Structure formats: structure tokens, C-alpha cells
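K.L.:
I am sharing input33.txt, which consists of compact mmCIF, C-alpha atoms:
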```txt
# COMPACT_ATOMS: atom_id res chain seq x y z
CA MET U 1 158.97 240.46 81.86
CA HIS U 2 156.21 242.51 80.21
CA PRO U 3 156.68 244.92 77.31
CA VAL U 4 155.90 248.60 77.09
CA ILE U 5 153.78 249.31 74.01
CA HIS U 6 154.08 252.76 72.44
CA LEU U 7 150.97 254.13 70.75
CA ILE U 8 152.15 256.62 68.11
CA GLY U 9 149.94 258.61 65.74
CA LEU U 10 151.08 259.24 62.17
CA PRO U 11 148.84 262.04 60.85
CA THR U 12 149.68 261.95 57.17
CA ASP U 13 147.75 261.21 54.00
CA GLN U 14 150.01 262.87 51.42
CA ASN U 15 150.30 259.60 49.50
CA SER U 16 146.58 258.90 49.35
CA SER U 17 144.88 258.47 46.00
CA PHE U 18 141.34 259.59 45.15
CA GLU U 19 140.55 261.18 48.50
CA ARG U 20 142.51 262.49 51.47
CA GLY U 21 141.36 262.55 55.09
CA ALA U 22 143.26 259.73 56.81
CA ALA U 23 145.60 262.28 58.43
CA LEU U 24 142.73 263.13 60.78
CA ALA U 25 142.41 259.55 62.02
CA PRO U 26 144.70 259.32 65.09
CA PRO U 27 142.69 261.74 67.29
CA ALA U 28 139.44 260.01 66.29
CA ILE U 29 140.83 256.60 67.24
CA ARG U 30 142.14 257.93 70.56
CA ALA U 31 138.78 259.51 71.38
CA ALA U 32 137.12 256.12 70.90
CA LEU U 33 139.87 254.26 72.77
CA TRP U 34 139.73 256.40 75.90
CA SER U 35 135.97 257.03 75.84
CA ASP U 36 133.88 256.06 78.86
CA ARG U 37 131.45 254.48 76.38
CA GLY U 38 133.46 251.28 76.74
CA ASN U 39 136.25 249.89 78.90
CA LEU U 40 139.87 248.94 78.28
CA SER U 41 139.64 245.16 78.48
CA ALA U 42 140.51 242.85 75.59
CA GLN U 43 138.61 239.69 74.73
CA SER U 44 141.27 237.62 76.54
CA GLY U 45 140.55 239.46 79.78
CA LEU U 46 143.80 241.40 79.71
CA GLU U 47 143.22 245.07 80.48
CA ILE U 48 145.00 248.12 79.10
CA GLY U 49 146.56 249.98 82.00
CA THR U 50 146.26 247.07 84.43
CA ASP U 51 147.88 244.13 82.65
CA VAL U 52 149.00 245.72 79.38
CA ASN U 53 151.39 248.67 79.60
CA LEU U 54 150.21 250.89 76.73
CA LYS U 55 151.84 254.33 76.69
CA ASP U 56 150.30 256.92 74.38
CA LEU U 57 153.05 259.11 72.91
CA GLY U 58 150.66 261.27 70.90
CA ASP U 59 151.11 262.19 67.25
CA LEU U 60 154.37 262.80 65.43
CA PRO U 61 154.61 266.36 64.07
CA LEU U 62 154.65 265.26 60.43
CA SER U 63 154.63 267.83 57.63
CA ASN U 64 152.13 265.87 55.48
CA VAL U 65 153.92 267.48 52.52
CA ASP U 66 157.54 266.28 52.48
CA CYS U 67 157.43 262.47 52.28
CA ALA U 68 161.17 261.93 52.72
CA ALA U 69 161.29 264.11 55.83
CA ASP U 70 158.21 262.42 57.28
CA ASP U 71 159.66 258.97 56.56
CA ALA U 72 162.79 260.00 58.45
CA SER U 73 160.68 261.19 61.40
CA ILE U 74 158.74 257.91 61.47
CA ILE U 75 161.93 255.83 61.30
CA ARG U 76 163.45 257.89 64.10
CA ALA U 77 160.38 257.51 66.34
CA VAL U 78 160.19 253.74 65.81
CA THR U 79 163.92 253.38 66.44
CA GLU U 80 163.66 255.40 69.66
CA SER U 81 160.95 253.03 70.87
CA LEU U 82 163.08 250.03 70.01
CA ASP U 83 166.05 251.56 71.83
CA ILE U 84 164.15 251.28 75.12
CA ASP U 85 162.72 247.84 74.23
CA ALA U 86 159.21 249.16 73.59
CA ILE U 87 156.91 247.79 70.88
CA PRO U 88 155.47 250.42 68.50
CA LEU U 89 151.77 250.36 67.62
CA LEU U 90 151.13 252.99 64.97
CA LEU U 91 147.91 254.80 64.09
CA GLY U 92 147.78 256.00 60.49
CA GLY U 93 147.42 257.89 58.40
CA ASP U 94 147.30 256.25 55.03
CA HIS U 95 148.91 252.90 54.27
CA ALA U 96 152.08 254.45 52.89
CA VAL U 97 153.31 254.80 56.49
CA SER U 98 153.85 251.04 56.75
CA TYR U 99 156.99 251.27 54.63
CA PRO U 100 159.15 253.41 56.96
CA VAL U 101 157.79 251.61 60.03
CA VAL U 102 158.69 248.18 58.68
CA ALA U 103 162.06 249.45 57.42
CA ALA U 104 162.94 250.64 60.93
CA LEU U 105 161.79 247.40 62.55
CA ALA U 106 163.63 245.21 60.03
CA ALA U 107 166.83 247.19 60.63
CA ARG U 108 166.63 245.99 64.24
CA HIS U 109 164.99 242.56 63.99
CA GLY U 110 165.86 241.45 60.47
CA PRO U 111 163.22 240.67 57.83
CA LEU U 112 159.72 240.30 59.25
CA ASN U 113 156.79 237.98 58.70
CA ILE U 114 153.89 240.31 57.87
CA LEU U 115 150.21 239.65 58.42
CA HIS U 116 148.38 242.19 56.25
CA PHE U 117 144.61 242.79 56.33
CA ASP U 118 143.28 244.76 53.37
CA ALA U 119 140.80 244.87 50.50
CA HIS U 120 143.74 245.74 48.25
CA PRO U 121 147.18 244.09 47.97
CA ASP U 122 149.07 247.45 47.87
CA LEU U 123 151.72 245.92 45.64
CA TYR U 124 151.76 248.42 42.78
CA ALA U 125 155.22 249.14 41.40
CA ASP U 126 153.89 252.68 41.55
CA PHE U 127 150.37 254.05 41.45
CA GLU U 128 149.49 257.06 39.32
CA GLY U 129 153.20 257.74 39.00
CA ASN U 130 153.86 257.75 42.75
CA PRO U 131 156.12 254.90 43.98
CA ARG U 132 155.34 255.92 47.58
CA SER U 133 151.58 255.74 47.04
CA HIS U 134 149.42 254.12 49.70
CA ALA U 135 148.80 251.51 46.99
CA SER U 136 152.51 250.61 46.90
CA PRO U 137 153.98 250.13 50.42
CA PHE U 138 154.41 246.38 50.22
CA ALA U 139 156.25 246.66 46.90
CA ARG U 140 158.69 249.02 48.62
CA ILE U 141 158.96 246.72 51.67
CA LEU U 142 159.78 243.73 49.47
CA GLU U 143 162.30 245.69 47.37
CA GLY U 144 164.05 246.74 50.56
CA GLY U 145 164.37 243.15 51.75
CA HIS U 146 162.37 243.96 54.88
CA ALA U 147 159.97 240.99 54.69
CA LYS U 148 160.60 237.26 54.93
CA HIS U 149 157.01 236.44 54.09
CA ILE U 150 153.83 238.43 53.57
CA VAL U 151 150.38 236.93 54.10
CA GLN U 152 147.55 239.11 52.81
CA VAL U 153 144.01 238.53 54.08
CA GLY U 154 140.76 240.05 52.83
CA ILE U 155 141.90 240.81 49.28
CA ARG U 156 139.03 241.29 46.84
CA THR U 157 140.37 243.73 44.22
CA LEU U 158 143.26 241.76 42.71
CA ASN U 159 144.09 242.98 39.21
CA LYS U 160 146.62 241.49 36.81
CA HIS U 161 149.46 243.86 37.75
CA CYS U 162 149.21 243.08 41.45
CA ARG U 163 148.71 239.38 40.76
CA ASP U 164 151.95 239.39 38.76
CA GLN U 165 153.70 241.35 41.52
CA ALA U 166 152.52 238.86 44.13
CA ALA U 167 153.70 235.89 42.08
CA ARG U 168 157.08 237.51 41.42
CA CYS U 169 157.64 238.29 45.10
CA ASN U 170 156.06 235.12 46.53
CA VAL U 171 153.37 236.98 48.46
CA ASP U 172 150.75 234.64 49.94
CA ILE U 173 147.36 236.16 49.07
CA LEU U 174 144.23 234.72 50.70
CA PRO U 175 141.36 236.28 48.72
CA MET U 176 137.86 236.68 50.12
CA LEU U 177 136.36 234.29 47.57
CA ASN U 178 135.61 231.11 49.58
CA PHE U 179 137.64 232.48 52.51
CA GLU U 180 137.76 230.67 55.87
CA VAL U 181 139.63 231.85 58.97
CA ASP U 182 141.45 228.52 59.24
CA MET U 183 143.19 229.24 55.92
CA VAL U 184 145.40 231.84 57.62
CA PRO U 185 148.71 230.31 58.75
CA ILE U 186 150.28 230.68 62.17
CA LEU U 187 153.38 232.74 61.45
CA SER U 188 156.77 232.45 63.10
CA GLY U 189 158.30 235.55 64.60
CA PRO U 190 159.12 238.30 64.34
CA ILE U 191 155.60 239.27 63.22
CA TYR U 192 154.33 242.62 61.98
CA ILE U 193 150.56 243.18 61.73
CA SER U 194 149.17 245.77 59.34
CA VAL U 195 145.43 246.44 59.37
CA ASP U 196 143.94 248.55 56.61
CA LEU U 197 140.42 249.19 57.85
CA ASP U 198 138.99 248.76 54.35
CA GLY U 199 139.87 245.09 54.67
CA ILE U 200 136.81 244.92 56.92
CA ASP U 201 133.42 244.96 55.20
CA PRO U 202 132.03 248.51 54.87
CA SER U 203 128.92 247.43 56.75
CA GLU U 204 131.16 247.24 59.84
CA ALA U 205 133.80 249.83 58.90
CA PRO U 206 132.26 252.46 56.60
CA GLY U 207 134.73 255.24 57.40
CA VAL U 208 137.31 254.57 54.70
CA ALA U 209 138.13 256.27 51.41
CA HIS U 210 137.98 253.08 49.34
CA PRO U 211 135.07 250.95 50.63
CA GLU U 212 134.88 247.53 49.01
CA PRO U 213 131.87 245.26 49.72
CA GLY U 214 132.33 241.59 50.54
CA GLY U 215 135.01 242.01 53.20
CA LEU U 216 136.08 240.52 56.50
CA THR U 217 134.03 240.78 59.65
CA VAL U 218 135.59 242.29 62.76
CA ARG U 219 135.11 238.91 64.41
CA GLU U 220 137.19 237.19 61.70
CA VAL U 221 140.01 239.74 62.04
CA LEU U 222 140.10 239.31 65.82
CA SER U 223 140.07 235.51 65.51
CA ILE U 224 142.99 235.57 63.08
CA ILE U 225 145.04 237.86 65.32
CA SER U 226 144.30 235.79 68.44
CA LYS U 227 145.64 232.65 66.73
CA GLN U 228 149.09 234.17 66.30
CA SER U 229 151.46 232.98 69.02
CA ALA U 230 154.88 234.32 67.98
CA GLN U 231 156.37 237.62 69.07
CA ILE U 232 154.70 240.66 67.50
CA VAL U 233 157.32 243.39 67.11
CA GLY U 234 155.07 246.09 65.70
CA ALA U 235 151.72 246.87 64.10
CA ASP U 236 149.76 249.56 62.36
CA ILE U 237 146.08 250.42 61.96
CA VAL U 238 145.56 252.64 58.93
CA GLU U 239 143.16 254.28 56.49
CA LEU U 240 140.39 255.50 58.79
CA ASN U 241 138.82 258.53 57.12
CA PRO U 242 136.79 260.29 59.84
CA ALA U 243 134.90 262.44 57.31
CA ARG U 244 133.36 259.28 55.87
CA ASP U 245 132.62 257.58 59.20
CA VAL U 246 129.09 256.92 60.46
CA ASN U 247 128.43 257.48 64.18
CA ASP U 248 132.16 256.91 64.83
CA ILE U 249 131.69 253.19 64.20
CA THR U 250 134.97 252.77 62.28
CA ALA U 251 136.91 254.69 64.91
CA ILE U 252 135.39 252.38 67.53
CA VAL U 253 136.48 249.36 65.47
CA ALA U 254 139.99 250.81 65.23
CA ALA U 255 140.07 251.37 69.00
CA LYS U 256 138.99 247.77 69.53
CA LEU U 257 141.88 246.68 67.32
CA VAL U 258 144.29 248.79 69.39
CA ARG U 259 143.19 246.97 72.55
CA GLU U 260 143.30 243.51 70.98
CA ILE U 261 146.64 243.94 69.19
CA ALA U 262 148.24 245.48 72.29
CA ALA U 263 146.96 242.56 74.40
CA GLN U 264 148.31 240.08 71.83
CA MET U 265 151.69 241.86 71.84
CA HIS U 266 151.74 241.51 75.63
CA GLN U 267 150.67 237.87 75.54
CA ASN U 268 153.16 236.85 72.84
CA TYR U 269 156.14 238.73 74.21
CA ASP U 270 159.31 236.61 74.21
CA HIS U 271 157.61 233.89 72.13
CA LEU U 272 159.88 233.39 69.13
```
Starting from the file, lay out its structure as C-alpha cells.
P.N.:
Amino acid sequence: MHPVIHLIGLPTDQNSSFERGAALAPPAIRAALWSDRGNLSAQSGLEIGTDVNLKDLGDLPLSNVDCAADDASIIRAVTESLDIDAIPLLLGGDHAVSYPVVAALAARHGPLNILHFDAHPDLYADFEGNPRSHASPFARILEGGHAKHIVQVGIRTLNKHCRDQAARCNVDILPMLNFEVDMVPILSGPIYISVDLDGIDPSEAPGVAHPEPGGLTVREVLSIISKQSAQIVGADIVELNPARDVNDITAIVAAKLVREIAAQMHQNYDHL
């Protein structure tokens, strides 16, 4: 049995700090995904539309103003996908969207093992007075009991507050200093994958609001994802800022991640 994967855009950046623009990301990622510039095959040889059943549901009509209402819309959309045994693959939007997505998935599957790619740990108790900031989603996820274990990869901005938060909540942070791909564990299911595009080095993904040099390569991210063998019950790709992109390169990277994560969801389906 093969899964249906629902591609759902979340055009919101109301919880962004410093600079907005991520709400414009889903159409840019779709344009790169469906462009004739490339094809729809993944590195494994699985092809979107032939082997992998990826159904694009378009963007949710989010207000980008009322966070509580938008959270409810996101939870409802994820739950509707789960009700027909589909796997949601979300296009942000800023990283704050991960909280309602994971909350909806954990309500169905129980606490998740989360593989999180990012330059930043996003563990602030609140950021600039906003507990729903895109710098805080994993604090909210942990408070809600929605995660069994979080593994964070690519971190290179760890301050004392987030270090203390990580220690208190037993978050497994793999910083970029002396990083090797083999350091990343193989997680048991159910797995959630969250990719903040600023986890990738800005030389390969410049179109983000918070570029941080010294990051992961696309090749490293793909290698880490391909090593995971347990069931992936959901994923997000967030924080593309099209206004800061160069020749659509970051949108193309995000589209590549859509293909590879969808293929991995297909491949790992029913693997507990």
C-alpha cells in the first residue's frame, strides 16, 4: 500500500522577527517544483506522479493577522489529511507554523520524534515578547508534550538561553562545529521532519531572512534524510523569503527537498 502525500501551502509570516516575506514562499516553491527546468525524479529513482502520489492542495486561506484563527485552520487541514490516511507535507511560511502542524499530528500519532534542520534552535521561551514567534515553535511543541525527542542539526547560533532550554528539555543539538553526517541518529517512528532553509549555508540557500554562514550543504541534508528508515508522518519546509532569493536558487532547493522528502515518505511508509 502506498500513501497519498498532501502538499499544503501555509502563506503566513505574522510571527517573523526582523523581516517578513516568508508568506510569499509557497507559490515560489511550487513554480520551481513544477517547472520544466527539471524533472520530478528523486535521487532514489522514485518519481513524483509515477511512483509517489503527491497531491497539491494549494494554499490555505490564512489571515496572516490572527494567529489563533490561522493555527486552527492549519490544525483542521492537517487533521483532514490524516482522516483520509494522507501524509501532510507543508510549505511555509515562517517556522511558527510547525507548532500547530506538530500538535495536530501528535493528537493522532502520539508524541513524535522530530528531525529539525536549522541555523537556530527556535527554543526561546518567547522572543521579543511573542511566545508564538518563529524563534519559539519548539518550546511550544515541548510544552505541549508533542515530542518524544528532538534532534536539531545545523545549529550555529546557540546562545545561553537556548542552551539552557535545550538542557532542560533534553533536546539533542548537533552543532555545526566539527559536524559530520554520521553524527545524526537514525530515529524511530513516528518521525516529523522540519527544514528551516537557513539551516543550509547561504551560499546554497541565500533566500532567507536570517542568513548564517557556516551551514549545512544541500548534499548533507539529503544524506541525513535518506538515512531515516522509520515512518515519516509529516514534514515542513519553511523560511524561504523570495524577496531575498538569487535567481530562484533557494526556491529550487526547497523544491528539491519536496521531491526528496515525499519520496522518503513513500519509501518509509508502514516502517515503524
K.L.:
Taking (160.3, 238.1, 75.1) in the file's coordinates, which residues come within 8 Å, counting only C-alpha atoms, written as a VMD selection string?
P.N.:
chain U and resid 1 to 2 231 268 to 272
K.L.:
Measuring atom to atom with all atoms listed in the file, identify which of U:Leu187, U:Val4, U:Ser194, U:Asp236 is nearest to U:Asp51.
P.N.:
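The shortest atom-to-atom distance to U:Asp51 comes from U:Val4.
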K.L.:
Using all atoms listed in the file - which residues lie no farther than 7 Å from the point (143.8, 242.0, 51.7) in the file's frame? Write them as a VMD selection string.
P.N.:
chain U and resid 116 to 121 152 to 156 175 199
K.L.:
Could you tell me how far atom CA of U:Ile114 lies from atom CA of U:Arg244, in Å and to one decimal?
P.N.:
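Rounded to one decimal, the two atoms are 28.0 Å apart.
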K.L.:
Counting only C-alpha atoms, which of U:Ile5, U:Ala209, U:Ile141, U:Ile224 gets nearest to U:Asp182?
P.N.:
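Ranked by minimum distance to U:Asp182, first place goes to U:Ile224.
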K.L.:
Name the residues in contact with U:Asp201 at a cut-off of 9 Å, using all atoms listed in the file, excluding same-chain residues fewer than 3 positions from it; report them as a ChimeraX atom specification.
P.N.:
/U:119,197-198,204-206,211-218
K.L.:
Considering only C-alpha atoms, state which residue in the set U:Gly21, U:Gly189, U:Pro100, U:Gly58 is at the smallest distance from U:Arg132.
P.N.:
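The shortest atom-to-atom distance to U:Arg132 comes from U:Pro100.
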K.L.:
Using all atoms listed in the file, find the one residue out of U:Ser136, U:Gln267, U:Ser229, U:Thr12 that sits nearest to U:Ser73.
P.N.:
U:Thr12
K.L.:
Point out the residue among U:Gly144, U:Gly207, U:Pro131, U:Pro3 with the least atom-to-atom distance to U:Cys67, counting all atoms listed in the file.
P.N.:
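Residue with the minimum atom-to-atom distance to U:Cys67: U:Pro131.
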K.L.:
Nearest to U:Val208: which of U:Val238, U:Leu123, U:Met265, U:Ile173 is it, counting all atoms listed in the file?
P.N.:
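Closest residue, counting all atoms listed in the file: U:Val238.
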K.L.:
To one decimal place in Å, what is the distance between atom CA of U:Asn39 and atom CA of U:Asn247?
P.N.:
18.3 Å
K.L.:
Quick one: residues within 12 Å of U:Ala68, only C-alpha atoms, excluding same-chain residues fewer than 4 positions away - as JSON, numbers by chain?
P.N.:
{"U": [14, 15, 62, 63, 64, 72, 73, 74, 75, 96, 97, 99, 100, 132]}
K.L.:
Would you compute the distance between atom CA of U:Cys169 and atom CA of U:Leu89? Give it in Å to one decimal.
P.N.:
26.2 Å
K.L.:
Is it possible to get the axis-aligned box enclosing stretch 222-227 of chain U (all listed atoms, 6 Å extra per side) as lines of an AutoDock Vina configuration file, with centre and edge lengths in Å rounded to one decimal?
P.N.:
```
center_x = 142.9
center_y = 236.0
center_z = 65.8
size_x = 17.6
size_y = 18.7
size_z = 17.4
```
